[in-house]
Amino acid sequence: MHSLRDYVVKRDCSLSGILFFSAVIFTRAPFSEESPEWHPWQHINSLIFKRRPISASIKDILKKAHEHVRSKAGRYSWYRDQDSRPSEGQIRRVSNLLRDNFEYSTSPRTNVEEIERCIKHVTQEQFEALDLLQDNRRLVFKGPAGTGKTFLAMESAFRATHEGKSVLFLCFNNLLGDWLKAEVSSVSGDKSRFRCGTFHSLLMEISGERRPRDEPEYWQKYLLLQAAEKLLQDDRTYPHFDVLIVDEAQDLMRDEYLDVLDLVLKDGLAGGQWALFWDFERQAIYSPEDIAATTRGLQYIGSSRNSVGKSA
């Protein structure tokens, strides 16, 4: 802060009476540490950053800064309550001094080279991720939206199918499920060993339901119970898949959902082959109860027990 103030004042001495103060914004950390090195109001943690307009938070910091300096009148003899607040013109001058206006354009060739570099880097990472699936029977792939998880999931499913394995490829969202089915239908090869769709369409197929009811209770409880009962009564009523692949897996991390998946995967979740493609960033939009359920889901798939089988 002091170096910035010196820089500004050396270039425009009329700004010497303005109050300069510092603060830190933690955009991703719920920072709450206390120290004699800073005041409690000198930071904006991630919770405040997400819940309040940044302008309101900065105004609060400036207000606290003026109150602090005003309370130390003997130490800051140069401070004047009104004169130490910048005018609109002074704000513009400070802004221009710290960030000059300039234009910088890259050549078309540079743009093309950068795109090619990014594609090569991403493609290499994707191949490495696919190779991981070849060498490991159980994997969780994590990444935010737009990082190519869905395409990785599809390619890993196609590879497993070409190896002669039966594949169950699931998601939660209906729109994503329709898109995945359309993509699968356009790919050549044996599709009889490749079952693709939403988790709830799987439940309907197992339970034999033909006319779904537009009721939350139907989708959240009834359909689950019907499918689980069918599988527990006779596990030959539905094929056991060699490989389970789930896209946007964070939406399916519920004990009761995992119980069903455990029953349709050869050797279950504890011993079978599966890959979960996961967006951990999206957990921020869930309630604490949802996040707790997700944590239990991770613990479940890492355990060696079959809770449905034992409870039955």
# chains A, B, ... in the order shown; residues from 1 in each chain; ligands from 1

$ select_by_dssp --residues "region 85-282 of chain A" --states "alpha helix (DSSP H)" --output "number ranges by chain"
A: 88-98, 108-135, 149-162, 174-185, 199-207, 216-217, 223-233, 255-264, 268-271

$ residues_around --residues "region 80-92 of chain A" --least-positions-apart "2" --cutoff "12 Å" --atoms "only C-alpha atoms" --output "ChimeraX atom specification"
/A:8-9,12-21,62-63,65-73,76-78,94-101

$ write_last_selection --atoms "N, CA, C and O atoms" --output "CSV table (one decimal), in the first residue's frame"
chain,number,residue,atom,x,y,z
A,8,VAL,N,1.9,7.2,-6.5
A,8,VAL,CA,0.8,8.2,-6.9
A,8,VAL,C,1.2,9.6,-6.5
A,8,VAL,O,1.1,10.5,-7.4
A,9,VAL,N,1.7,9.8,-5.3
A,9,VAL,CA,1.9,11.2,-4.8
A,9,VAL,C,3.1,11.8,-5.6
A,9,VAL,O,3.1,13.0,-5.8
A,12,ASP,N,1.7,13.1,-8.7
A,12,ASP,CA,0.6,14.1,-8.5
A,12,ASP,C,0.6,14.5,-7.1
A,12,ASP,O,-0.1,13.8,-6.3
A,13,CYS,N,1.3,15.5,-6.7
A,13,CYS,CA,1.4,15.9,-5.3
A,13,CYS,C,0.0,16.4,-4.7
A,13,CYS,O,-0.2,16.4,-3.5
A,14,SER,N,-0.9,16.7,-5.6
A,14,SER,CA,-2.3,17.2,-5.1
A,14,SER,C,-3.0,16.0,-4.4
A,14,SER,O,-4.0,16.2,-3.8
A,15,LEU,N,-2.5,14.8,-4.6
A,15,LEU,CA,-3.2,13.6,-4.1
A,15,LEU,C,-2.6,13.2,-2.7
A,15,LEU,O,-3.0,12.2,-2.2
A,16,SER,N,-1.7,14.0,-2.2
A,16,SER,CA,-1.0,13.6,-1.0
A,16,SER,C,-1.8,13.6,0.3
A,16,SER,O,-1.6,12.9,1.2
A,17,GLY,N,-2.9,14.3,0.3
A,17,GLY,CA,-3.8,14.4,1.4
A,17,GLY,C,-4.9,13.3,1.5
A,17,GLY,O,-5.6,13.2,2.4
A,18,ILE,N,-4.9,12.5,0.4
A,18,ILE,CA,-6.0,11.5,0.4
A,18,ILE,C,-5.6,10.3,1.2
A,18,ILE,O,-4.4,9.9,1.3
A,19,LEU,N,-6.6,9.7,1.9
A,19,LEU,CA,-6.3,8.5,2.7
A,19,LEU,C,-6.2,7.3,1.8
A,19,LEU,O,-7.1,7.0,1.0
A,20,PHE,N,-5.1,6.6,2.0
A,20,PHE,CA,-4.9,5.3,1.4
A,20,PHE,C,-4.9,4.2,2.4
A,20,PHE,O,-4.4,4.4,3.5
A,21,PHE,N,-5.6,3.1,2.1
A,21,PHE,CA,-5.7,2.0,3.1
A,21,PHE,C,-5.7,0.7,2.3
A,21,PHE,O,-6.0,0.7,1.1
A,62,LEU,N,-13.8,1.3,3.6
A,62,LEU,CA,-13.4,2.7,3.6
A,62,LEU,C,-13.9,3.5,4.8
A,62,LEU,O,-13.2,4.4,5.4
A,63,LYS,N,-15.2,3.2,5.1
A,63,LYS,CA,-15.8,3.9,6.3
A,63,LYS,C,-15.0,3.6,7.5
A,63,LYS,O,-14.7,4.5,8.4
A,65,ALA,N,-11.9,2.6,7.7
A,65,ALA,CA,-10.6,3.1,7.7
A,65,ALA,C,-10.6,4.6,8.1
A,65,ALA,O,-9.7,5.0,8.9
A,66,HIS,N,-11.6,5.4,7.7
A,66,HIS,CA,-11.7,6.8,8.1
A,66,HIS,C,-11.9,6.9,9.6
A,66,HIS,O,-11.4,7.8,10.2
A,67,GLU,N,-12.8,6.0,10.1
A,67,GLU,CA,-13.1,6.0,11.5
A,67,GLU,C,-11.8,5.7,12.3
A,67,GLU,O,-11.5,6.4,13.4
A,68,HIS,N,-11.0,4.8,11.8
A,68,HIS,CA,-9.8,4.4,12.5
A,68,HIS,C,-8.8,5.5,12.5
A,68,HIS,O,-8.2,5.9,13.6
A,69,VAL,N,-8.6,6.1,11.4
A,69,VAL,CA,-7.6,7.2,11.3
A,69,VAL,C,-8.0,8.4,12.1
A,69,VAL,O,-7.3,9.1,12.8
A,70,ARG,N,-9.4,8.7,12.1
A,70,ARG,CA,-9.9,9.8,12.8
A,70,ARG,C,-9.7,9.7,14.3
A,70,ARG,O,-9.5,10.6,15.1
A,71,SER,N,-9.8,8.4,14.8
A,71,SER,CA,-9.6,8.1,16.2
A,71,SER,C,-8.1,8.2,16.6
A,71,SER,O,-7.8,8.3,17.8
A,72,LYS,N,-7.2,8.3,15.6
A,72,LYS,CA,-5.8,8.4,15.9
A,72,LYS,C,-5.3,9.8,15.4
A,72,LYS,O,-4.3,9.9,14.7
A,73,ALA,N,-6.0,10.8,15.8
A,73,ALA,CA,-5.7,12.2,15.3
A,73,ALA,C,-4.3,12.6,15.5
A,73,ALA,O,-3.6,13.2,14.7
A,76,TYR,N,-2.0,10.8,12.9
A,76,TYR,CA,-2.2,11.2,11.5
A,76,TYR,C,-2.6,12.7,11.5
A,76,TYR,O,-3.8,13.0,11.2
A,77,SER,N,-1.7,13.5,11.8
A,77,SER,CA,-1.9,15.0,11.9
A,77,SER,C,-2.3,15.6,10.5
A,77,SER,O,-3.0,16.6,10.5
A,78,TRP,N,-2.0,14.9,9.4
A,78,TRP,CA,-2.3,15.4,8.1
A,78,TRP,C,-3.7,15.2,7.7
A,78,TRP,O,-4.2,15.7,6.7
A,94,VAL,N,-6.2,9.0,-10.0
A,94,VAL,CA,-5.5,7.9,-9.3
A,94,VAL,C,-5.7,6.7,-10.2
A,94,VAL,O,-4.7,5.9,-10.4
A,95,SER,N,-6.9,6.5,-10.8
A,95,SER,CA,-7.1,5.3,-11.7
A,95,SER,C,-6.2,5.4,-12.9
A,95,SER,O,-5.6,4.4,-13.3
A,96,ASN,N,-6.1,6.6,-13.5
A,96,ASN,CA,-5.2,6.7,-14.7
A,96,ASN,C,-3.7,6.5,-14.3
A,96,ASN,O,-3.0,5.9,-15.1
A,97,LEU,N,-3.3,6.9,-13.1
A,97,LEU,CA,-1.9,6.7,-12.7
A,97,LEU,C,-1.6,5.2,-12.5
A,97,LEU,O,-0.5,4.7,-12.8
A,98,LEU,N,-2.6,4.5,-11.9
A,98,LEU,CA,-2.3,3.1,-11.6
A,98,LEU,C,-2.6,2.2,-12.8
A,98,LEU,O,-2.1,1.1,-12.8
A,99,ARG,N,-3.5,2.6,-13.7
A,99,ARG,CA,-3.8,1.8,-14.8
A,99,ARG,C,-4.0,2.6,-16.1
A,99,ARG,O,-5.1,3.1,-16.3
A,100,ASP,N,-2.9,2.8,-16.8
A,100,ASP,CA,-3.0,3.6,-18.0
A,100,ASP,C,-3.9,3.0,-19.1
A,100,ASP,O,-4.1,1.7,-19.1
A,101,ASN,N,-4.5,3.8,-19.9
A,101,ASN,CA,-5.3,3.2,-21.0
A,101,ASN,C,-4.3,2.8,-22.1
A,101,ASN,O,-3.4,3.5,-22.5

$ residues_around --residues "Trp278 (chain A)" --least-positions-apart "5" --cutoff "12 Å" --atoms "only C-alpha atoms" --output "list of chain:residue names"
A:Leu139, A:Val140, A:Phe141, A:Lys142, A:Gly143, A:Pro144, A:Ala145, A:Gly146, A:Thr147, A:Gly148, A:Lys149, A:Thr150, A:Leu152, A:Ala153, A:Cys171, A:Ile245, A:Val246, A:Asp247, A:Glu248, A:Ala249, A:Gln250, A:Asp251, A:Leu252, A:Met253, A:Gln283, A:Thr294, A:Leu298

$ write_last_selection --atoms "N, CA and C atoms" --output "compact mmCIF listing (two decimals), in the first residue's frame"
# COMPACT_ATOMS: atom_id res chain seq x y z
N LEU A 139 -12.45 -45.15 -10.39
CA LEU A 139 -11.86 -43.82 -10.47
C LEU A 139 -12.93 -42.74 -10.31
N VAL A 140 -12.54 -41.62 -9.71
CA VAL A 140 -13.37 -40.42 -9.67
C VAL A 140 -12.64 -39.34 -10.45
N PHE A 141 -13.25 -38.86 -11.53
CA PHE A 141 -12.70 -37.75 -12.31
C PHE A 141 -13.40 -36.48 -11.85
N LYS A 142 -12.64 -35.48 -11.45
CA LYS A 142 -13.27 -34.25 -10.98
C LYS A 142 -12.87 -33.08 -11.88
N GLY A 143 -13.80 -32.15 -12.02
CA GLY A 143 -13.53 -30.96 -12.83
C GLY A 143 -14.79 -30.13 -12.95
N PRO A 144 -14.65 -28.81 -13.02
CA PRO A 144 -15.83 -27.94 -13.17
C PRO A 144 -16.44 -28.04 -14.56
N ALA A 145 -17.55 -27.36 -14.74
CA ALA A 145 -18.24 -27.38 -16.03
C ALA A 145 -17.34 -26.86 -17.14
N GLY A 146 -17.41 -27.52 -18.30
CA GLY A 146 -16.65 -27.07 -19.46
C GLY A 146 -15.27 -27.65 -19.60
N THR A 147 -14.89 -28.58 -18.72
CA THR A 147 -13.55 -29.16 -18.79
C THR A 147 -13.51 -30.46 -19.58
N GLY A 148 -14.64 -30.87 -20.14
CA GLY A 148 -14.64 -32.04 -21.01
C GLY A 148 -14.95 -33.35 -20.32
N LYS A 149 -15.57 -33.30 -19.14
CA LYS A 149 -15.86 -34.54 -18.41
C LYS A 149 -16.81 -35.45 -19.19
N THR A 150 -17.84 -34.85 -19.79
CA THR A 150 -18.83 -35.66 -20.51
C THR A 150 -18.20 -36.38 -21.69
N LEU A 152 -15.07 -37.22 -21.98
CA LEU A 152 -14.22 -38.27 -21.42
C LEU A 152 -15.06 -39.47 -21.00
N ALA A 153 -16.21 -39.20 -20.39
CA ALA A 153 -17.09 -40.28 -19.96
C ALA A 153 -17.56 -41.10 -21.16
N CYS A 171 -26.74 -40.72 -16.11
CA CYS A 171 -26.68 -39.35 -15.59
C CYS A 171 -28.00 -39.10 -14.87
N ILE A 245 -20.52 -46.20 -15.62
CA ILE A 245 -19.98 -44.85 -15.84
C ILE A 245 -21.09 -43.85 -15.55
N VAL A 246 -20.80 -42.88 -14.69
CA VAL A 246 -21.80 -41.89 -14.30
C VAL A 246 -21.26 -40.49 -14.57
N ASP A 247 -21.99 -39.73 -15.36
CA ASP A 247 -21.63 -38.34 -15.62
C ASP A 247 -22.42 -37.44 -14.67
N GLU A 248 -21.80 -36.34 -14.24
CA GLU A 248 -22.38 -35.46 -13.22
C GLU A 248 -22.79 -36.28 -11.99
N ALA A 249 -21.84 -37.06 -11.51
CA ALA A 249 -22.12 -38.04 -10.45
C ALA A 249 -22.54 -37.39 -9.14
N GLN A 250 -22.22 -36.11 -8.95
CA GLN A 250 -22.60 -35.46 -7.69
C GLN A 250 -24.11 -35.45 -7.50
N ASP A 251 -24.87 -35.57 -8.61
CA ASP A 251 -26.33 -35.57 -8.51
C ASP A 251 -26.89 -36.91 -8.06
N LEU A 252 -26.06 -37.95 -8.05
CA LEU A 252 -26.54 -39.29 -7.70
C LEU A 252 -25.92 -39.83 -6.42
N MET A 253 -25.27 -38.96 -5.65
CA MET A 253 -24.64 -39.43 -4.42
C MET A 253 -25.65 -39.46 -3.27
N GLN A 283 -21.14 -28.23 -5.80
CA GLN A 283 -21.62 -28.46 -4.44
C GLN A 283 -21.93 -27.15 -3.73
N THR A 294 -23.58 -36.23 -0.08
CA THR A 294 -22.50 -36.49 -1.04
C THR A 294 -21.30 -37.12 -0.35
N LEU A 298 -19.54 -40.84 -1.06
CA LEU A 298 -18.13 -41.17 -1.28
C LEU A 298 -17.66 -42.25 -0.32

$ select_by_dssp --residues "region 172-234 of chain A" --states "strand (DSSP E)" --output "ChimeraX atom specification"
/A:194-198

$ closest_residue --among "A:His200, A:Lys64, A:Arg51, A:Arg109" --to "Val260 (chain A)" --atoms "only C-alpha atoms"
A:His200

$ residues_around --residues "region 174-188 of chain A" --least-positions-apart "2" --cutoff "7 Å" --atoms "only C-alpha atoms" --output "number ranges by chain"
A: 171-172, 196-198

$ write_last_selection --atoms "N, CA, C and O atoms" --output "PDB file, in the first residue's frame"
ATOM      1  N   CYS A 171     -26.743 -40.717 -16.107  1.00  0.00           N
ATOM      2  CA  CYS A 171     -26.681 -39.355 -15.590  1.00  0.00           C
ATOM      3  C   CYS A 171     -27.999 -39.099 -14.866  1.00  0.00           C
ATOM      4  O   CYS A 171     -28.880 -39.968 -14.833  1.00  0.00           O
ATOM      5  N   PHE A 172     -28.157 -37.933 -14.297  1.00  0.00           N
ATOM      6  CA  PHE A 172     -29.376 -37.611 -13.561  1.00  0.00           C
ATOM      7  C   PHE A 172     -30.314 -36.728 -14.380  1.00  0.00           C
ATOM      8  O   PHE A 172     -31.520 -36.895 -14.363  1.00  0.00           O
ATOM      9  N   CYS A 196     -27.567 -46.625 -22.086  1.00  0.00           N
ATOM     10  CA  CYS A 196     -27.309 -45.217 -21.801  1.00  0.00           C
ATOM     11  C   CYS A 196     -28.620 -44.501 -21.497  1.00  0.00           C
ATOM     12  O   CYS A 196     -29.611 -44.687 -22.208  1.00  0.00           O
ATOM     13  N   GLY A 197     -28.641 -43.700 -20.444  1.00  0.00           N
ATOM     14  CA  GLY A 197     -29.845 -42.943 -20.121  1.00  0.00           C
ATOM     15  C   GLY A 197     -29.759 -42.338 -18.736  1.00  0.00           C
ATOM     16  O   GLY A 197     -28.698 -42.306 -18.112  1.00  0.00           O
ATOM     17  N   THR A 198     -30.903 -41.882 -18.241  1.00  0.00           N
ATOM     18  CA  THR A 198     -30.942 -41.290 -16.906  1.00  0.00           C
ATOM     19  C   THR A 198     -31.124 -42.384 -15.856  1.00  0.00           C
ATOM     20  O   THR A 198     -31.575 -43.494 -16.156  1.00  0.00           O
TER      21      THR A 198
END

$ residues_around --residues "Arg210 (chain A)" --least-positions-apart "4" --cutoff "12 Å" --atoms "only C-alpha atoms" --output "ChimeraX atom specification"
/A:201,203-206,223

$ atom_distance --atom1 "CA of Arg93 (chain A)" --atom2 "CA of Ala23 (chain A)"
21.0 Å
